[in-house]
Amino acid sequence: MILRFGYADGSGEFYITLDSEKCDGCGVCVEVCPKGVLFLAPNPFDPLEEVPLALVREDARNRLKYLCVLCKGSPKPCVASCPNGALEHF
Ligand code: SF4
Ligand code: SF4
């Protein structure tokens, strides 16, 4: 399942997506994020699943434009760090 966090406004689209099938809960993306945007949480779709997922903090979901602006380059550090290609940022 593709989880989509973020929003669009007059200046563009600001989304982070996570492929829950690819995320193995390793936590690398959480460690590299300088703004604490990502965190590990129990799988919201499968309470019996022991592997956590990387999710976007609720209070960050409507501020990605400002929180992620300092991460230059493409792909962004969170995306580049994921060994499983589970994250996209646009
Ligand atoms: S772009 Fe930077 S600040 Fe935004 S989630 Fe990725 S690592 Fe964190
Ligand atoms: S780096 Fe990738 S696999 Fe690891 S927790 Fe983050 S999204 Fe999931």
# chains A, B, ... in the order shown; residues from 1 in each chain; ligands from 1
>>> residues_around(residues="Phe90 (chain A)", least_positions_apart="3", cutoff="12 Å", atoms="only C-alpha atoms", output="VMD selection string")
chain A and resid 4 to 8 12 to 18 64 to 65 68 to 69 71 73 to 76 78 to 79 87
>>> residues_near_ligand(ligand="ligand 2", cutoff="10 Å", atoms="only C-alpha atoms and all ligand atoms", output="JSON, numbers by chain")
{"A": [17, 18, 19, 20, 21, 22, 23, 24, 25, 26, 27, 28, 29, 30, 31, 32, 38, 39, 40, 41, 51, 52, 53, 54, 55, 78, 79, 80, 81, 82, 83, 84, 85, 86, 87, 88]}
>>> select_by_dssp(residues="region 19-67 of chain A", states="strand (DSSP E or B)", output="compact mmCIF listing (two decimals) with C-alpha atoms, in the first residue's frame")
# COMPACT_ATOMS: atom_id res chain seq x y z
CA ASP A 19 5.45 1.91 0.09
CA LEU A 38 9.91 10.74 10.10
CA PHE A 39 9.34 8.28 12.91
CA LEU A 40 8.81 4.56 13.33
CA ALA A 41 5.32 3.49 14.28
CA LEU A 53 6.79 1.50 9.37
CA ALA A 54 8.40 4.88 8.78
CA LEU A 55 5.61 7.45 8.91
CA VAL A 56 5.51 11.24 8.71
>>> closest_residue(among="A:Arg57, A:Glu50, A:Gly36, A:Asn62", to="ligand 1", atoms="only C-alpha atoms and all ligand atoms")
A:Gly36
>>> closest_residue(among="A:Pro47, A:Pro77, A:Pro42, A:Gly10", to="ligand 1", atoms="only C-alpha atoms and all ligand atoms")
A:Pro77
>>> atom_distance(atom1="CA of Lys72 (chain A)", atom2="CA of Asn43 (chain A)")
29.6 Å
>>> atom_distance(atom1="CA of Val37 (chain A)", atom2="CA of Leu70 (chain A)")
12.6 Å
>>> decode(residues="chain A", atoms="C-alpha atoms", output="PDB file, in the first residue's frame")
ATOM      1  CA  MET A   1       0.000   0.000   0.000  1.00  0.00           C
ATOM      2  CA  ILE A   2       1.272   3.481  -0.852  1.00  0.00           C
ATOM      3  CA  LEU A   3       0.884   5.921   2.044  1.00  0.00           C
ATOM      4  CA  ARG A   4       0.852   9.551   1.013  1.00  0.00           C
ATOM      5  CA  PHE A   5       1.571  12.417   3.408  1.00  0.00           C
ATOM      6  CA  GLY A   6       1.566  16.102   2.577  1.00  0.00           C
ATOM      7  CA  TYR A   7      -0.377  18.675   0.640  1.00  0.00           C
ATOM      8  CA  ALA A   8      -0.490  20.970  -2.363  1.00  0.00           C
ATOM      9  CA  ASP A   9      -0.759  24.738  -2.247  1.00  0.00           C
ATOM     10  CA  GLY A  10      -0.395  27.613  -4.684  1.00  0.00           C
ATOM     11  CA  SER A  11       3.375  27.199  -4.781  1.00  0.00           C
ATOM     12  CA  GLY A  12       3.565  23.491  -5.485  1.00  0.00           C
ATOM     13  CA  GLU A  13       3.122  19.959  -4.199  1.00  0.00           C
ATOM     14  CA  PHE A  14       4.841  18.700  -1.069  1.00  0.00           C
ATOM     15  CA  TYR A  15       4.421  15.000  -0.502  1.00  0.00           C
ATOM     16  CA  ILE A  16       6.295  12.089   0.987  1.00  0.00           C
ATOM     17  CA  THR A  17       5.117   8.634   0.018  1.00  0.00           C
ATOM     18  CA  LEU A  18       5.937   5.332   1.632  1.00  0.00           C
ATOM     19  CA  ASP A  19       5.451   1.909   0.091  1.00  0.00           C
ATOM     20  CA  SER A  20       4.435  -0.143   3.120  1.00  0.00           C
ATOM     21  CA  GLU A  21       5.280  -3.369   1.290  1.00  0.00           C
ATOM     22  CA  LYS A  22       8.903  -2.280   0.880  1.00  0.00           C
ATOM     23  CA  CYS A  23       9.530  -0.712   4.303  1.00  0.00           C
ATOM     24  CA  ASP A  24      11.203  -3.133   6.713  1.00  0.00           C
ATOM     25  CA  GLY A  25      11.316  -0.704   9.639  1.00  0.00           C
ATOM     26  CA  CYS A  26      15.117  -0.386   9.639  1.00  0.00           C
ATOM     27  CA  GLY A  27      14.908   3.237  10.809  1.00  0.00           C
ATOM     28  CA  VAL A  28      17.755   4.586   8.652  1.00  0.00           C
ATOM     29  CA  CYS A  29      15.579   7.324   7.156  1.00  0.00           C
ATOM     30  CA  VAL A  30      14.543   8.429  10.651  1.00  0.00           C
ATOM     31  CA  GLU A  31      18.193   8.777  11.654  1.00  0.00           C
ATOM     32  CA  VAL A  32      19.218  10.860   8.631  1.00  0.00           C
ATOM     33  CA  CYS A  33      16.272  13.278   8.786  1.00  0.00           C
ATOM     34  CA  PRO A  34      17.544  16.510  10.361  1.00  0.00           C
ATOM     35  CA  LYS A  35      14.070  17.783  11.187  1.00  0.00           C
ATOM     36  CA  GLY A  36      12.553  14.753  12.840  1.00  0.00           C
ATOM     37  CA  VAL A  37       9.899  14.537  10.166  1.00  0.00           C
ATOM     38  CA  LEU A  38       9.915  10.736  10.102  1.00  0.00           C
ATOM     39  CA  PHE A  39       9.343   8.281  12.911  1.00  0.00           C
ATOM     40  CA  LEU A  40       8.810   4.563  13.326  1.00  0.00           C
ATOM     41  CA  ALA A  41       5.316   3.492  14.280  1.00  0.00           C
ATOM     42  CA  PRO A  42       3.305   0.288  14.400  1.00  0.00           C
ATOM     43  CA  ASN A  43       1.783  -0.657  11.063  1.00  0.00           C
ATOM     44  CA  PRO A  44      -1.607   1.107  11.121  1.00  0.00           C
ATOM     45  CA  PHE A  45      -3.072  -1.421   8.667  1.00  0.00           C
ATOM     46  CA  ASP A  46      -1.987  -4.582  10.411  1.00  0.00           C
ATOM     47  CA  PRO A  47      -1.931  -4.511  14.236  1.00  0.00           C
ATOM     48  CA  LEU A  48      -0.454  -8.015  14.286  1.00  0.00           C
ATOM     49  CA  GLU A  49       2.544  -7.001  12.167  1.00  0.00           C
ATOM     50  CA  GLU A  50       5.609  -6.641  14.378  1.00  0.00           C
ATOM     51  CA  VAL A  51       7.660  -4.699  11.831  1.00  0.00           C
ATOM     52  CA  PRO A  52       7.150  -0.943  12.246  1.00  0.00           C
ATOM     53  CA  LEU A  53       6.787   1.499   9.366  1.00  0.00           C
ATOM     54  CA  ALA A  54       8.398   4.883   8.784  1.00  0.00           C
ATOM     55  CA  LEU A  55       5.607   7.452   8.909  1.00  0.00           C
ATOM     56  CA  VAL A  56       5.512  11.243   8.712  1.00  0.00           C
ATOM     57  CA  ARG A  57       4.887  12.938  12.037  1.00  0.00           C
ATOM     58  CA  GLU A  58       1.361  14.229  12.206  1.00  0.00           C
ATOM     59  CA  ASP A  59       2.411  17.759  13.101  1.00  0.00           C
ATOM     60  CA  ALA A  60       4.819  17.799  10.134  1.00  0.00           C
ATOM     61  CA  ARG A  61       2.381  16.699   7.452  1.00  0.00           C
ATOM     62  CA  ASN A  62       1.139  20.208   6.707  1.00  0.00           C
ATOM     63  CA  ARG A  63       4.586  21.835   7.020  1.00  0.00           C
ATOM     64  CA  LEU A  64       6.736  19.772   4.648  1.00  0.00           C
ATOM     65  CA  LYS A  65       7.423  22.772   2.438  1.00  0.00           C
ATOM     66  CA  TYR A  66       9.206  24.495   5.316  1.00  0.00           C
ATOM     67  CA  LEU A  67      10.705  21.506   7.103  1.00  0.00           C
ATOM     68  CA  CYS A  68      12.243  19.932   4.004  1.00  0.00           C
ATOM     69  CA  VAL A  69      13.494  23.085   2.297  1.00  0.00           C
ATOM     70  CA  LEU A  70      17.005  22.763   3.731  1.00  0.00           C
ATOM     71  CA  CYS A  71      17.521  19.294   2.298  1.00  0.00           C
ATOM     72  CA  LYS A  72      19.027  20.111  -1.045  1.00  0.00           C
ATOM     73  CA  GLY A  73      19.639  17.783  -3.898  1.00  0.00           C
ATOM     74  CA  SER A  74      17.770  14.991  -5.508  1.00  0.00           C
ATOM     75  CA  PRO A  75      16.995  12.518  -4.213  1.00  0.00           C
ATOM     76  CA  LYS A  76      16.458  13.969  -0.734  1.00  0.00           C
ATOM     77  CA  PRO A  77      18.502  12.371   2.086  1.00  0.00           C
ATOM     78  CA  CYS A  78      15.566  10.363   3.421  1.00  0.00           C
ATOM     79  CA  VAL A  79      14.873   8.893  -0.002  1.00  0.00           C
ATOM     80  CA  ALA A  80      18.559   8.249  -0.750  1.00  0.00           C
ATOM     81  CA  SER A  81      19.092   6.518   2.588  1.00  0.00           C
ATOM     82  CA  CYS A  82      16.378   3.903   2.192  1.00  0.00           C
ATOM     83  CA  PRO A  83      17.944   0.590   1.208  1.00  0.00           C
ATOM     84  CA  ASN A  84      14.616  -0.687  -0.070  1.00  0.00           C
ATOM     85  CA  GLY A  85      13.459   2.224  -2.209  1.00  0.00           C
ATOM     86  CA  ALA A  86      10.367   2.593  -0.060  1.00  0.00           C
ATOM     87  CA  LEU A  87      10.294   6.403   0.094  1.00  0.00           C
ATOM     88  CA  GLU A  88       9.579   9.107  -2.452  1.00  0.00           C
ATOM     89  CA  HIS A  89       9.658  12.837  -1.822  1.00  0.00           C
ATOM     90  CA  PHE A  90       8.267  15.415  -4.204  1.00  0.00           C
TER      91      PHE A  90
END
